[in-house]
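Single-structure report; data block below.
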Amino acid sequence: MVDFNKRLNKKEIIKKTNPIEIYESLDRRSIAGPLRPAQSRILVEWYTNRKSEKDLIIKLHTGEGKTLIGLIALQSKINSNEGPCLYICPNKYLVEQVKNDADKFGISYCSIGQDNTLPNEFLDGRKILITHVQKAFNGKTIFGLDNNFVPVKNIILDDSHACIESIRDTFAISIDSERPVYKKLLELFRDSLAEQGEGTFLEIESGEYNSFLQISYWSWIDKSDEVLKILSDHRTEKEIIFSWPFIKNGIKNCQAFISGNSLEISPIHIPIERFSFFHNADQRILMSATTQDDSFFIKGLGFKPQAIEKPLDNPEQIWSGEKMMIIPSLIDESLDRAAIINKLAKPIDKNFGIVSLVPSFDKSKIYKSLGSIVPKSEEIVDTIEGLKKGMLKDTVVFANRYDGIDLPDETCRVLILDGRPFTNSLSEKYEEAIRVNSDSINIKIAQKIEQGLGRSVRGEKDYCLILIIGADLVKFIKSSLTNRYFSPQTKTQIDIGIEIAELASDDVSNNNEPWEVVKSLMKQSLGRDEGWKEYYKEEMKKTQNTVAKSKICDVFTLERKAAVCNYNGNYALASDLIQEIIDKHCEDDSERGWYLQVMARYKYLLSKIDSNSLQKSAFLKNNELLKPSEGITYKKLDFISENRTKRITEWVSSHNNYEEMNLSVSSILSDLEFGTTAEKFELALKELGLMLGFLSERPDKEFKKGPDNLWCGVRNQYFIFECKSEVNLERKEVNKHEAGQMNSHCAWFESQYNDSPVKRILIIPTKQVSYHADFTHEVEIMKGWKLKKLRSNVKGFFKEFHKYELKSLTDEKIQEFINAHSLNIDCLLSEYSESYHSNTLQK
């Protein structure tokens, strides 16, 4: 072999450490051109000024090449003898994408082998190790825990917000209802669970998977020894084994939720420092999209606020890619969710892909019935590869996948964003239901939406038409209360979408068929209409790239400090830090209640009396929180002599204009359909009562006993509702368990309200009652068609307000509307429910 080194004037070849020089020296494939200006700018700034910072966030628009930046930065570290270097992706699919990029650019890397051992090239600092977050962060990680760990000098977390979710899941245990652990813990906490919601607990026992309760922290702490014994006996089972190292010595630091099909246990504080390879790294670089608020890194990964406030970004680029956002329901009310799905879910020969993102598999059923492809988790990679190979005939629907999916160019020219995203984690469901006005929750929802919007536009020159459907999503992106949580780029795109809707609505007013108007818009985007392209550019140039300090940065800093103090046994200081949040950062009682409950938990091991007092205060401010063990009595609803029309006027006037009010009405009514989760349906029914001028509450949710919903109207006429929104629409009978629930709630009403006039309504798709079941009181059934009639009349009632100034309507005019749409008390008593039929033969 010829030794060319001997022919060089230099005695040894010095490895390049400058990222720009490294890139120029790589054996790149021919398709890999020069670095983009944004990539060069970021790499030069990192190498010159930021490569020694322990915690660094790199924020770039989608398609600006974050992966290559990360790989070159790690290669620079390796060439500087600063290895080992680790590149972590949020899932296996993205690992393959990063490896493909490394191959394309000629960057050496290594992988964890079949024997699950770390390669020597990584340990010696010779090659970058590319892996996924589940491999690195688990209770049996090959990188080690605590003092027994493999030192890693430099780490990159790609798509880091998704990585945080996976890391959080690492510390949690989720157990199926068929497993012995579930049954033992359900039995252990039977009495305390019933105290937190008698009706909900009965639903959990019957296996209703969307009904869930939190186990009260006082019961959990008091019975922690029994819990630990049950979990220890099953610690080698797959649901527990990888989380057991984090749970076993901190069971009192955990919270637990139980539903009809699972039990979830997770730590209050995630001790990320136990992953010493990550905690002790010289530099930790997090890759983040420009659309995201990175304050969550404070609480999730222990980053300092300074890292959040000073990311490494490209300030010269304010937006990237082209998105025509169409909101059909704002163009014409007939273009609702069902109408759009029926037009676009069926297979059709075309040269571009149509993809829909839905929050759950339940929401995908209508697509599947029309011929769309709905891949399961293990089928996603193959489905995306099919799109890239030109298999574009079928609409593809991804359930609850707002990140980790890249759909560039023709793979997705039409993206349907269908419904507001929600989480599957019981702890996050609980928080979302209770903290409805929370910045923390709304920022997470906004980020999920923006992640979804970014799936189809993967570069500066990429483009996509995006259809926004689902009343809850439309309300979130348009309402002034929530659209402020979006990034400047997305806000501008939403504003363009709203303006498009207004212009298209005028076309509909000129006797054009609504769907034809939408099709025309679609053709302008897909056909590359020059007018549209220039209009979009001009509007996007107006984007204000103002980067203000995140509102929740200080809150998360205090939350983390308090959680660490509680974890270490300093309960008094933990409580003081939560008090600081309440004093400085809480603007409404709902949030104050939330933090009072957190403080009550921290106080419990110091003083049970003080803890109960705090929990009582929390519950009085937000009665969806845990009901304290003592000191709370139910306060009856009493309409007294208040004018119903006055209450309707107050509800209507709480909105800035008719359009905003109509969004609220549409969002509430869209949740009053069979198939909607119990939580959303019951909340919508409560809101319906309020908007119709009734006193309205959810006794089972708010006071832990009684029916799902209770309305009180003029002359103290009451309505109690038991809701079965999630049962199979083909259900033939009301079963014994459901009749028993209704009987229990009727008895509760009688005990609280004596012989007050009441209409008892069971909302369920069938009026047949099982041979084994019977009602103890007079009950009527609201089936689907009666529910539809109620929705239709309510919608018509509020449409009447379109012609009037909202705050100037007289009581007489509102009463006229009430009567015209059959919403007076007499009609509500007679028109929306019917008698049940008892089956006389045993089946």
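A note on labels: chains of the structure tokens are A, B, ... as shown, every chain counts residues from 1, and ligands are counted from 1 in their shown order.
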Next on the checklist: Could you pull out the helix (DSSP H, G or I) residues of stretch 142-339 of chain A, going by DSSP on the backbone, and write them as a VMD selection string?
Outcome noted: chain A and resid 160 to 170 180 to 188 190 to 195 198 to 205 217 to 222 224 to 233 238 to 241 244 to 247 251 to 253 272 to 274 276 to 279 296 to 301 305 to 309 328 to 331 337 to 339
Next on the checklist: Show me, as a ChimeraX atom specification, the residues that have an atom within 9 Å of A:Arg274 when counting only C-alpha atoms, minus same-chain residues fewer than 6 positions from it.
Outcome noted: /A:144-147,246
Selection file, all heavy atoms, as a tab-separated table (two decimals), in the first residue's frame:
```tsv
chain	number	residue	atom	x	y	z
A	144	GLY	N	-26.15	3.63	32.19
A	144	GLY	CA	-26.01	3.60	33.64
A	144	GLY	C	-26.79	4.68	34.36
A	144	GLY	O	-27.19	5.69	33.77
A	145	LEU	N	-26.98	4.45	35.66
A	145	LEU	CA	-27.69	5.38	36.53
A	145	LEU	C	-26.80	5.81	37.69
A	145	LEU	O	-25.87	5.09	38.08
A	145	LEU	CB	-28.96	4.74	37.09
A	145	LEU	CG	-30.10	4.41	36.11
A	145	LEU	CD1	-31.19	3.63	36.83
A	145	LEU	CD2	-30.68	5.67	35.48
A	146	ASP	N	-27.10	6.99	38.23
A	146	ASP	CA	-26.42	7.50	39.42
A	146	ASP	C	-24.90	7.48	39.22
A	146	ASP	O	-24.41	7.97	38.21
A	146	ASP	CB	-26.87	6.71	40.65
A	146	ASP	CG	-28.40	6.79	40.84
A	146	ASP	OD1	-28.96	7.87	40.60
A	146	ASP	OD2	-29.01	5.76	41.18
A	147	ASN	N	-24.15	6.88	40.17
A	147	ASN	CA	-22.68	6.90	40.08
A	147	ASN	C	-22.12	5.82	39.16
A	147	ASN	O	-20.93	5.84	38.84
A	147	ASN	CB	-22.07	6.75	41.48
A	147	ASN	CG	-22.34	7.96	42.34
A	147	ASN	OD1	-22.40	9.08	41.84
A	147	ASN	ND2	-22.53	7.74	43.64
A	246	PHE	N	-36.83	3.88	39.53
A	246	PHE	CA	-37.18	5.26	39.90
A	246	PHE	C	-38.32	5.31	40.92
A	246	PHE	O	-38.47	6.30	41.63
A	246	PHE	CB	-37.61	6.04	38.64
A	246	PHE	CG	-36.63	5.95	37.52
A	246	PHE	CD1	-37.00	5.40	36.30
A	246	PHE	CD2	-35.34	6.41	37.67
A	246	PHE	CE1	-36.10	5.31	35.25
A	246	PHE	CE2	-34.42	6.33	36.62
A	246	PHE	CZ	-34.80	5.77	35.42
```
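All residues in stretch 335-523 of chain A with a DSSP state of strand (DSSP E), computed from the backbone, read Ile354, Val355, Ser356, Leu357, Val358, Val396, Val397, Phe398, Ala399, Val414, Leu415, Ile416, Leu417, Asp418, Tyr463, Cys464, Leu465, Ile466, Leu467, Ile468 and Ile469 of chain A.
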Selection export as a compact mmCIF listing (two decimals), in the first residue's frame, atoms kept: C-alpha atoms:
```txt
# COMPACT_ATOMS: atom_id res chain seq x y z
CA ILE A 354 -53.77 13.91 1.35
CA VAL A 355 -53.02 13.36 5.04
CA SER A 356 -55.19 13.97 8.10
CA LEU A 357 -53.97 14.35 11.67
CA VAL A 358 -56.59 13.43 14.28
CA VAL A 396 -53.80 8.62 5.13
CA VAL A 397 -54.88 9.35 8.70
CA PHE A 398 -52.40 9.50 11.60
CA ALA A 399 -53.90 9.31 15.09
CA VAL A 414 -53.19 18.64 1.40
CA LEU A 415 -53.08 18.37 5.18
CA ILE A 416 -56.27 18.12 7.24
CA LEU A 417 -55.79 19.18 10.85
CA ASP A 418 -58.85 17.63 12.43
CA TYR A 463 -45.86 24.24 0.14
CA CYS A 464 -49.11 22.76 1.38
CA LEU A 465 -52.81 23.51 1.65
CA ILE A 466 -54.03 23.01 5.23
CA LEU A 467 -57.69 22.50 6.11
CA ILE A 468 -58.63 23.32 9.73
CA ILE A 469 -61.73 21.37 10.82
```
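In terms of minimum interatomic distance to A:Ile58, A:Arg284 ranks closest within A:Arg284, A:Arg592, A:Lys184, A:His132, counting only C-alpha atoms.
Between atom CA of A:Ser696 and atom CA of A:Leu710 the interatomic distance comes to 5.8 Å.
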Non-local contacts of stretch 260-263 of chain A (8 Å; only C-alpha atoms; under 5 positions in same chain excluded) as a PDB file with N, CA and C atoms, in the first residue's frame:
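The resulting around_31.pdb:
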```
ATOM      1  N   ILE A 173     -45.457   4.313  35.219  1.00  0.00           N
ATOM      2  CA  ILE A 173     -45.930   2.932  35.086  1.00  0.00           C
ATOM      3  C   ILE A 173     -47.374   2.982  34.600  1.00  0.00           C
ATOM      4  N   SER A 174     -47.680   2.212  33.566  1.00  0.00           N
ATOM      5  CA  SER A 174     -49.052   2.111  33.071  1.00  0.00           C
ATOM      6  C   SER A 174     -49.432   0.633  33.041  1.00  0.00           C
ATOM      7  N   ILE A 175     -50.505   0.303  33.748  1.00  0.00           N
ATOM      8  CA  ILE A 175     -50.869  -1.102  33.941  1.00  0.00           C
ATOM      9  C   ILE A 175     -52.292  -1.340  33.450  1.00  0.00           C
ATOM     10  N   ASP A 176     -52.457  -2.331  32.601  1.00  0.00           N
ATOM     11  CA  ASP A 176     -53.751  -2.687  32.041  1.00  0.00           C
ATOM     12  C   ASP A 176     -54.687  -3.230  33.119  1.00  0.00           C
ATOM     13  N   SER A 177     -55.993  -2.989  32.923  1.00  0.00           N
ATOM     14  CA  SER A 177     -56.977  -3.392  33.936  1.00  0.00           C
ATOM     15  C   SER A 177     -57.076  -4.901  34.121  1.00  0.00           C
ATOM     16  N   GLU A 178     -56.573  -5.675  33.167  1.00  0.00           N
ATOM     17  CA  GLU A 178     -56.621  -7.133  33.299  1.00  0.00           C
ATOM     18  C   GLU A 178     -55.501  -7.673  34.171  1.00  0.00           C
ATOM     19  N   TYR A 182     -53.367  -4.011  38.859  1.00  0.00           N
ATOM     20  CA  TYR A 182     -54.499  -3.083  38.727  1.00  0.00           C
ATOM     21  C   TYR A 182     -55.611  -3.469  39.706  1.00  0.00           C
ATOM     22  N   GLU A 203     -68.448   3.800  37.125  1.00  0.00           N
ATOM     23  CA  GLU A 203     -68.104   3.659  35.708  1.00  0.00           C
ATOM     24  C   GLU A 203     -66.747   2.979  35.537  1.00  0.00           C
ATOM     25  N   ILE A 204     -65.797   3.340  36.391  1.00  0.00           N
ATOM     26  CA  ILE A 204     -64.473   2.706  36.344  1.00  0.00           C
ATOM     27  C   ILE A 204     -64.599   1.211  36.600  1.00  0.00           C
ATOM     28  N   GLU A 205     -65.390   0.857  37.596  1.00  0.00           N
ATOM     29  CA  GLU A 205     -65.584  -0.569  37.912  1.00  0.00           C
ATOM     30  C   GLU A 205     -66.209  -1.322  36.745  1.00  0.00           C
ATOM     31  N   SER A 206     -67.043  -0.631  35.975  1.00  0.00           N
ATOM     32  CA  SER A 206     -67.701  -1.308  34.856  1.00  0.00           C
ATOM     33  C   SER A 206     -66.829  -1.321  33.604  1.00  0.00           C
ATOM     34  N   GLY A 207     -65.621  -0.724  33.690  1.00  0.00           N
ATOM     35  CA  GLY A 207     -64.673  -0.805  32.585  1.00  0.00           C
ATOM     36  C   GLY A 207     -64.737   0.322  31.587  1.00  0.00           C
ATOM     37  N   GLU A 208     -65.400   1.446  31.906  1.00  0.00           N
ATOM     38  CA  GLU A 208     -65.461   2.565  30.971  1.00  0.00           C
ATOM     39  C   GLU A 208     -64.103   3.262  30.945  1.00  0.00           C
ATOM     40  N   TYR A 209     -63.390   3.124  29.810  1.00  0.00           N
ATOM     41  CA  TYR A 209     -61.977   3.489  29.784  1.00  0.00           C
ATOM     42  C   TYR A 209     -61.718   4.991  29.847  1.00  0.00           C
ATOM     43  N   ASN A 210     -62.690   5.815  29.462  1.00  0.00           N
ATOM     44  CA  ASN A 210     -62.459   7.258  29.510  1.00  0.00           C
ATOM     45  C   ASN A 210     -62.875   7.884  30.840  1.00  0.00           C
ATOM     46  N   SER A 211     -63.446   7.091  31.733  1.00  0.00           N
ATOM     47  CA  SER A 211     -63.761   7.585  33.079  1.00  0.00           C
ATOM     48  C   SER A 211     -62.555   7.310  33.974  1.00  0.00           C
ATOM     49  N   PHE A 212     -62.078   8.327  34.673  1.00  0.00           N
ATOM     50  CA  PHE A 212     -60.908   8.125  35.521  1.00  0.00           C
ATOM     51  C   PHE A 212     -60.959   9.040  36.739  1.00  0.00           C
TER      52      PHE A 212
END
```
Next on the checklist: Which residues are near A:Tyr402? Cut-off 10 Å, only C-alpha atoms, ignore same chain within fewer than 6 positions. Put them as JSON, numbers by chain.
Outcome noted: {"A": [162, 357, 358, 359, 417, 421, 447, 448, 449, 450, 451, 452, 453, 454, 455]}
Item to check | Non-local contacts of stretch 813-819 of chain A (8 Å; only C-alpha atoms; under 5 positions in same chain excluded) as a count of residues only | outcome: 4
Item to check | Nearby residues (only C-alpha atoms) at most 10 Å from A:Gln544, same-chain spacing under 4 positions excluded, as a PyMOL selection string | outcome: chain A and resi 318+487-489+491-492+540
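Taking atom CA of A:Glu726 and atom CA of A:Arg401 as the two end points, the separation is 22.8 Å.
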